[in-house]
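Heads up, the thing below is written out as structure tokens.
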Amino acid sequence: MTERLWMLIPELIVLAGAVSCAIIGISRSVAVRRSLPIVAFVTLIVALVATWIVYQDGVASLGSGDWAVPMPWLGKSLIGVSVVVGLVLVLVQAGFVDHSYEDAVAAGRSTFDPLRTSRGEYYVFFLLSLCGLMLTSVAPDLIWLFLALELTSLPTYIMVAIGRIDRRAQEAAMKYFFLGAMAAAIFLFGFAMLYGATGTMSLVGMKDVLTARLAETGSIGTLATLGLLLSIFGIAFKLAAAPLHMYAADVYEGAAAPVTAFLGFVPKAGGVVALMLILSVTGWMEEGGSLPEAVLITLWIVAVLTMTLGNIGALLQTRVKRMLAYSSISHSGYILIGIIAGPGDGFVAVLVYLLAYGLSNTATFAVLASLKRGGGEVETLDDLTGLRERHPSMAWAMAISAGSLLGFPPLLGFWGKLLLFIAGIATGHIVLVIIAAINSAISGWYYLRLVALPLTGSPTASSRSVERGDWNGPRIAAVTACAAVIVLPLFLGDIIGEAEEGVGVAGREVPHQAGEDVAGAGALVSLGRVSP
Amino acid sequence: MLGVLLMLVPLVAAVIIMFAPARAARGVALIGTLVGLGLAILAAIDFNGWGSGGWGLEFHRDLLPSLGISLTFGADSVSMLLVLLTVLLMPLAVIGSWTAVTERLREYYAWLLVLSTAMIGVFLARDLLVFYVCFEFTLVPMFFLIAIYGSTNRAWASVKFFLYTFLGSLFAFTGFLYVAWANAEHGGVWSFSIPDLAHFASTGMTSTEQAWVLLALMAGFAVKIPLFPVHTWLPLAHTEAPTAGSVLLAAVLLKLGTYGLYRFVLPMTPSAVVDWAPLIGILAIVGILYAALICWVQTDVKKLVAYSSVSHLGFCVLGLFALNPLGLQGSVLYMINHGLSTGALFFMIGMMYERYHTRDMGVVGGLAAKMPVWSFFMVFFVLASVGLPGLNGFVSEFLCLIGTFAAGDVGAYPGVLGPWFAAFAALGMIFTAMYLLIMVGKVVFGPLREPAGDHGPLPADLTVREIIVLVPLAAACIWIGVQPDIIMDSMSGAIEHTLAVYPDLVSPVRETVAGAMP
């Protein structure tokens, strides 16, 4: 038990950070309240360092025993990815919640009342949601998985609501909350069926029961398959994958840009990890294992629908946030290729893609968050036209991040897509990869608008009134993320090494020991595994 | 190392330009491109692959050993010739834009230089992913050159150009990945080295697999060439692009497609190529004739030259798919000649446009009276383009046709085209002469017609700067026209190397031919 707690130190640190934010947020001193983003930032860095330290000693407690998790090293990789993106996200959030109230207090027009402020709470929820994401990756059983997923999602509903004082934000929050609750019910029902089919809550235990049944009868049984399918549909909500993607456009548009940046990454990453874990019960991570036909076909259809609907939806938009909402739907579709390709290459690609997508997507929203127009946000493509004239760095940031989302070489997004495509082809899903290639081409049309309008268009009446935002955080975030998107491909070997380590399965050889130089140490893990 | 320098010099110059004051941009760009030209000439003198098919300018550094991705460069004589064409055109493009571009100077020259880095990268890449990255990256500078500095319809032209090519190359990319995966599956080790993959694909893949790969690669390269029926982006992009953009687009970027055929399609998928060459040959011929007929009815001079590129590149493709050394030599020579003469024609039209701000033959005409020097060069380059014996175009066009004709009988190489293909393509030569001479007749000769209004600060006829742009091109045209054998000998080894797998395919073809006879 204590060993298990030791492994949870990074999550506990984030929790402690969240509690401190709650206290700091109601301080009467402005200077103390100003330190909120710094506290969040430092918390994440400390958590990252702690992750390194606790995983240094190996993962014995995660690999076996009562608390065994299917992929013991996943926590390390995922915490790495989520903290890197989380740090950028903190910068994007800096200073926007409650800003009119804080301004009024600063100007002496109003006195500070702890009951009226929600800035501190915002950071609490921000960190709690990240904490949930980190917990998801080390979930040993269904209850943990469910709680971690809900810990990831519940704070986001509130973040949407308190992110800005606006009817649309309230509407978005309600919509998001009710649909989220419905999705939770769906996958909870799926979990219940899985429990009914196997008599255990532990993911590893379930895998043992189901593989034994598979060996005996040739299938994992109807109930278990149905449970898996329901779980997949429920988790599809977190991913914003078809058919549960409908909410994304409205919610993303209604929420404030910094919140949308958060929504685009954290719940999605949680969903991806949950999907990996829940699919592990079929035993397909074992040598020679495979997914049940019904599950594979479902995932395939979901992937195709998600990327196609996402891209076609994005084509039709004139509002930037709606367009990016649909674009993020389509990226879930690409990520599903990696899931379908399976343990090994596929999951490695998924983790690398999550990093690439997280950084690029956050950068696009950071650009939106760094600009304002008439007291509100930049909303339409018109507002961005000719941005270069007055905000050159933001125009370039938008272009670079859109290029990376498009998967244009040599940006990070390209390498992510490369790995996904290779994984897809290597597992025989060539048709899926071709559909993804066509989808990438479709997405070229709208990403190109994000590149071309800011950089080559001449300013319109509405874009002339776009001003610099009040805080430097989002600007720094956008520039940093873009720099990362350009520079990180140089360290692709290390990133892949980390990801390979992360998807290592208990019982199978862990590809590399922690701390060792992993760059290019071996071929993609599964080369020996793929069947011709 | 020299090869890497060739790419680095323009890139460094581009970075300097972005941080230097705008008035220095042209100077830095000119110096950068001239240094590049000098380096390339040094490299060419130093290069020992002329004639032998050997490799030079080699450079290797591992990037991602686990996936077999490395930064590998190298040039055979064909790459070397195309690099020389590129670096020759770069300073001319800079000099040619001297007065034409007046705003956002720094970005303009920076993009131009970045474009040259990417183009040289394509020709020198020996690693598939490096090739693909450079191949794709050429789109970005050209996109901005068209979108910012183009004429009225520039926004749509740049988007159409980008999307068309991007879509095509995604298919090629999928095909490449399939080959790389099959190779890894077969050998157990990932590799993206072009020679490895070509060797594996040509020997280790069934002809069905090869056919699919061929289809994927053709989807990418046919758009770039452009081959009928995916040529529709080209006239628009050409017409809207600024002069230097059109020149580089026609002279070098289109060659990326034919170079792709030479470097990948022919060596990688030989049996599929033998199966499908007739279809591709027919598409090429349709392109030649159809585009020529379109040229005939054009009133916009720039559009006319743009369509003539489609027509000309058809010969190039035909020569490649003749699958014999003669055809390939003609085709590679055609790539260079088309770069010289069509590039020059775009310069000529740019010079006219800078003075009259129109490209309409109905409005401008009879310029011989007012611009004798311009008219001289115009007639010269038109004749080079038509294929007048003694000038460069003749040799390559003739060789392509002879190669196609000779492909009729199965000798050492499995020729699948034949006299009929040559005959129809030759019809294209006649059309070419017709539309180009009609154009010359209208624009150069006849009574002088000028649009009313101010003709800008430039003098009536060409300035010394403009003549400096044209003279090197004209000299190259004459030199190749008189002594084509030097260039042809220089590439013979490389071409035999590319065709090395084809003689083995002769016997099955023969057997089927023999079997089909009663």
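Ligands are numbered from 1 in the order shown, chains are lettered A, B, ... in the order of the structure tokens, and residues start at 1 in each chain.
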Please check the contacts: residues of chain B at most 8 Å away from chain A, using only C-alpha atoms, listed as a PyMOL selection string. chain B and resi 63-67+133+136-137+144+147-148+159+163+166-167+170-171+174+177-178+181+185+188-190
Preceding selection exported with C-alpha atoms as an mmCIF file, in the first residue's frame:
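File produced: again38.cif:
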```cif
data_model
loop_
_atom_site.group_PDB
_atom_site.id
_atom_site.type_symbol
_atom_site.label_atom_id
_atom_site.label_comp_id
_atom_site.auth_asym_id
_atom_site.auth_seq_id
_atom_site.Cartn_x
_atom_site.Cartn_y
_atom_site.Cartn_z
ATOM 1 C CA LEU B 63 18.511 11.200 -37.589
ATOM 2 C CA LEU B 64 16.334 8.455 -36.194
ATOM 3 C CA PRO B 65 18.127 5.142 -36.416
ATOM 4 C CA SER B 66 15.225 3.164 -34.970
ATOM 5 C CA LEU B 67 13.151 4.052 -38.020
ATOM 6 C CA VAL B 133 9.918 16.908 -46.535
ATOM 7 C CA GLU B 136 6.311 19.256 -49.666
ATOM 8 C CA PHE B 137 8.147 22.241 -48.354
ATOM 9 C CA PHE B 144 3.325 32.769 -50.263
ATOM 10 C CA ALA B 147 -0.598 34.647 -52.455
ATOM 11 C CA ILE B 148 1.231 37.862 -51.573
ATOM 12 C CA VAL B 159 -4.915 27.885 -52.554
ATOM 13 C CA LEU B 163 -4.319 21.894 -52.223
ATOM 14 C CA PHE B 166 -0.812 18.539 -51.305
ATOM 15 C CA LEU B 167 -3.572 16.044 -52.035
ATOM 16 C CA LEU B 170 -0.331 12.596 -49.634
ATOM 17 C CA PHE B 171 -1.126 9.624 -51.853
ATOM 18 C CA THR B 174 1.091 6.642 -48.380
ATOM 19 C CA LEU B 177 5.197 4.349 -46.427
ATOM 20 C CA TYR B 178 3.785 1.119 -47.782
ATOM 21 C CA TRP B 181 6.869 -0.988 -44.305
ATOM 22 C CA GLU B 185 8.734 -6.523 -42.878
ATOM 23 C CA GLY B 188 13.491 -6.800 -40.369
ATOM 24 C CA VAL B 189 15.007 -3.326 -40.256
ATOM 25 C CA TRP B 190 13.371 -0.041 -41.066
#
```
Please identify all polymer residues within 12 Å of B:Pro447, counting only C-alpha atoms, omitting same-chain residues fewer than 5 positions from it, and present them as JSON, numbers by chain. {"B": [362, 363, 364, 365, 366, 367, 368, 369, 370, 441, 442]}
Grab the residues selected above and save them as a JSON list (two decimals), in the first residue's frame with C-alpha atoms.
```json
[["chain", "number", "residue", "atom", "x", "y", "z"],
["B", 362, "GLY", "CA", -5.53, 41.78, -78.26],
["B", 363, "VAL", "CA", -4.29, 44.93, -76.56],
["B", 364, "VAL", "CA", -0.53, 44.69, -76.96],
["B", 365, "GLY", "CA", 1.12, 43.85, -80.24],
["B", 366, "GLY", "CA", 3.67, 44.70, -82.86],
["B", 367, "LEU", "CA", 6.28, 45.41, -80.22],
["B", 368, "ALA", "CA", 9.17, 44.91, -82.68],
["B", 369, "ALA", "CA", 8.75, 48.54, -83.64],
["B", 370, "LYS", "CA", 9.14, 49.80, -80.12],
["B", 441, "GLY", "CA", 3.14, 37.12, -85.04],
["B", 442, "LYS", "CA", 0.66, 39.00, -82.90]]
```
Considering only C-alpha atoms, return as a ChimeraX atom specification whatever protein or nucleic-acid residues lie within 6 Å of A:Pro343, sequence-local ones (same chain, fewer than 2 positions apart) excluded. /A:285,346-347
Selection from above, C-alpha atoms, as a PDB file, in the first residue's frame, can you write it?
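Produced file again-v3.pdb, reproduced below:
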```
ATOM      1  CA  MET A 285      -1.414  -6.865 -25.543  1.00  0.00           C
ATOM      2  CA  GLY A 346       0.126   2.098 -32.547  1.00  0.00           C
ATOM      3  CA  PHE A 347       0.211   3.221 -28.939  1.00  0.00           C
TER       4      PHE A 347
END
```
Can you work out which one of B:Asp360, B:Gly403, B:Ile194, B:Met119 has the shortest atom-to-atom distance to B:Ala423, counting only C-alpha atoms? B:Gly403
B:Ala13 environment, 7 Å, only C-alpha atoms, sequence neighbours closer than 6 positions dropped, as a PyMOL selection string: chain B and resi 28-29+32
Identify, on the basis of only C-alpha atoms, every residue whose closest approach to stretch 5-17 of chain A does not exceed 8 Å; exclude the query and any residue fewer than 2 positions from it along the same chain; express the result as number ranges by chain. A: 1-3, 19-21, 39-40, 43-44, 46-48, 50-51, 54-55, 124, 127-128, 130-131, 134-135
Export C-alpha atoms of the chosen residues as a PDB file, in the first residue's frame?
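Full text of selection-v2.pdb as output:
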```pdb
ATOM      1  CA  MET A   1       0.000   0.000   0.000  1.00  0.00           C
ATOM      2  CA  THR A   2       2.741   2.433   0.895  1.00  0.00           C
ATOM      3  CA  GLU A   3       4.553   1.483  -2.288  1.00  0.00           C
ATOM      4  CA  VAL A  19      -5.596  23.019  -2.326  1.00  0.00           C
ATOM      5  CA  SER A  20      -3.046  25.822  -2.023  1.00  0.00           C
ATOM      6  CA  CYS A  21      -4.661  27.572  -4.962  1.00  0.00           C
ATOM      7  CA  VAL A  39       1.775  28.410  -7.986  1.00  0.00           C
ATOM      8  CA  ALA A  40       0.079  26.296 -10.629  1.00  0.00           C
ATOM      9  CA  THR A  43       3.194  22.684  -8.926  1.00  0.00           C
ATOM     10  CA  LEU A  44       3.314  21.145 -12.378  1.00  0.00           C
ATOM     11  CA  VAL A  46       7.480  19.791  -9.166  1.00  0.00           C
ATOM     12  CA  ALA A  47       5.070  17.049 -10.212  1.00  0.00           C
ATOM     13  CA  LEU A  48       7.148  16.401 -13.316  1.00  0.00           C
ATOM     14  CA  ALA A  50       8.569  13.873  -8.797  1.00  0.00           C
ATOM     15  CA  THR A  51       7.438  11.636 -11.649  1.00  0.00           C
ATOM     16  CA  VAL A  54       9.290   7.827  -8.396  1.00  0.00           C
ATOM     17  CA  TYR A  55       9.611   5.994 -11.683  1.00  0.00           C
ATOM     18  CA  VAL A 124      -8.163  24.574  -8.389  1.00  0.00           C
ATOM     19  CA  LEU A 127      -5.135  21.342 -11.426  1.00  0.00           C
ATOM     20  CA  LEU A 128      -7.767  18.837 -10.291  1.00  0.00           C
ATOM     21  CA  LEU A 130      -4.950  17.479 -14.692  1.00  0.00           C
ATOM     22  CA  CYS A 131      -4.681  15.350 -11.574  1.00  0.00           C
ATOM     23  CA  MET A 134      -2.639  11.656 -14.401  1.00  0.00           C
ATOM     24  CA  LEU A 135      -4.637   9.225 -12.256  1.00  0.00           C
TER      25      LEU A 135
END
```
Residues near A:Pro459, cut-off 10 Å, only C-alpha atoms, skip fewer than 6 positions along chain, as a ChimeraX atom specification: /A:382-390,453,465
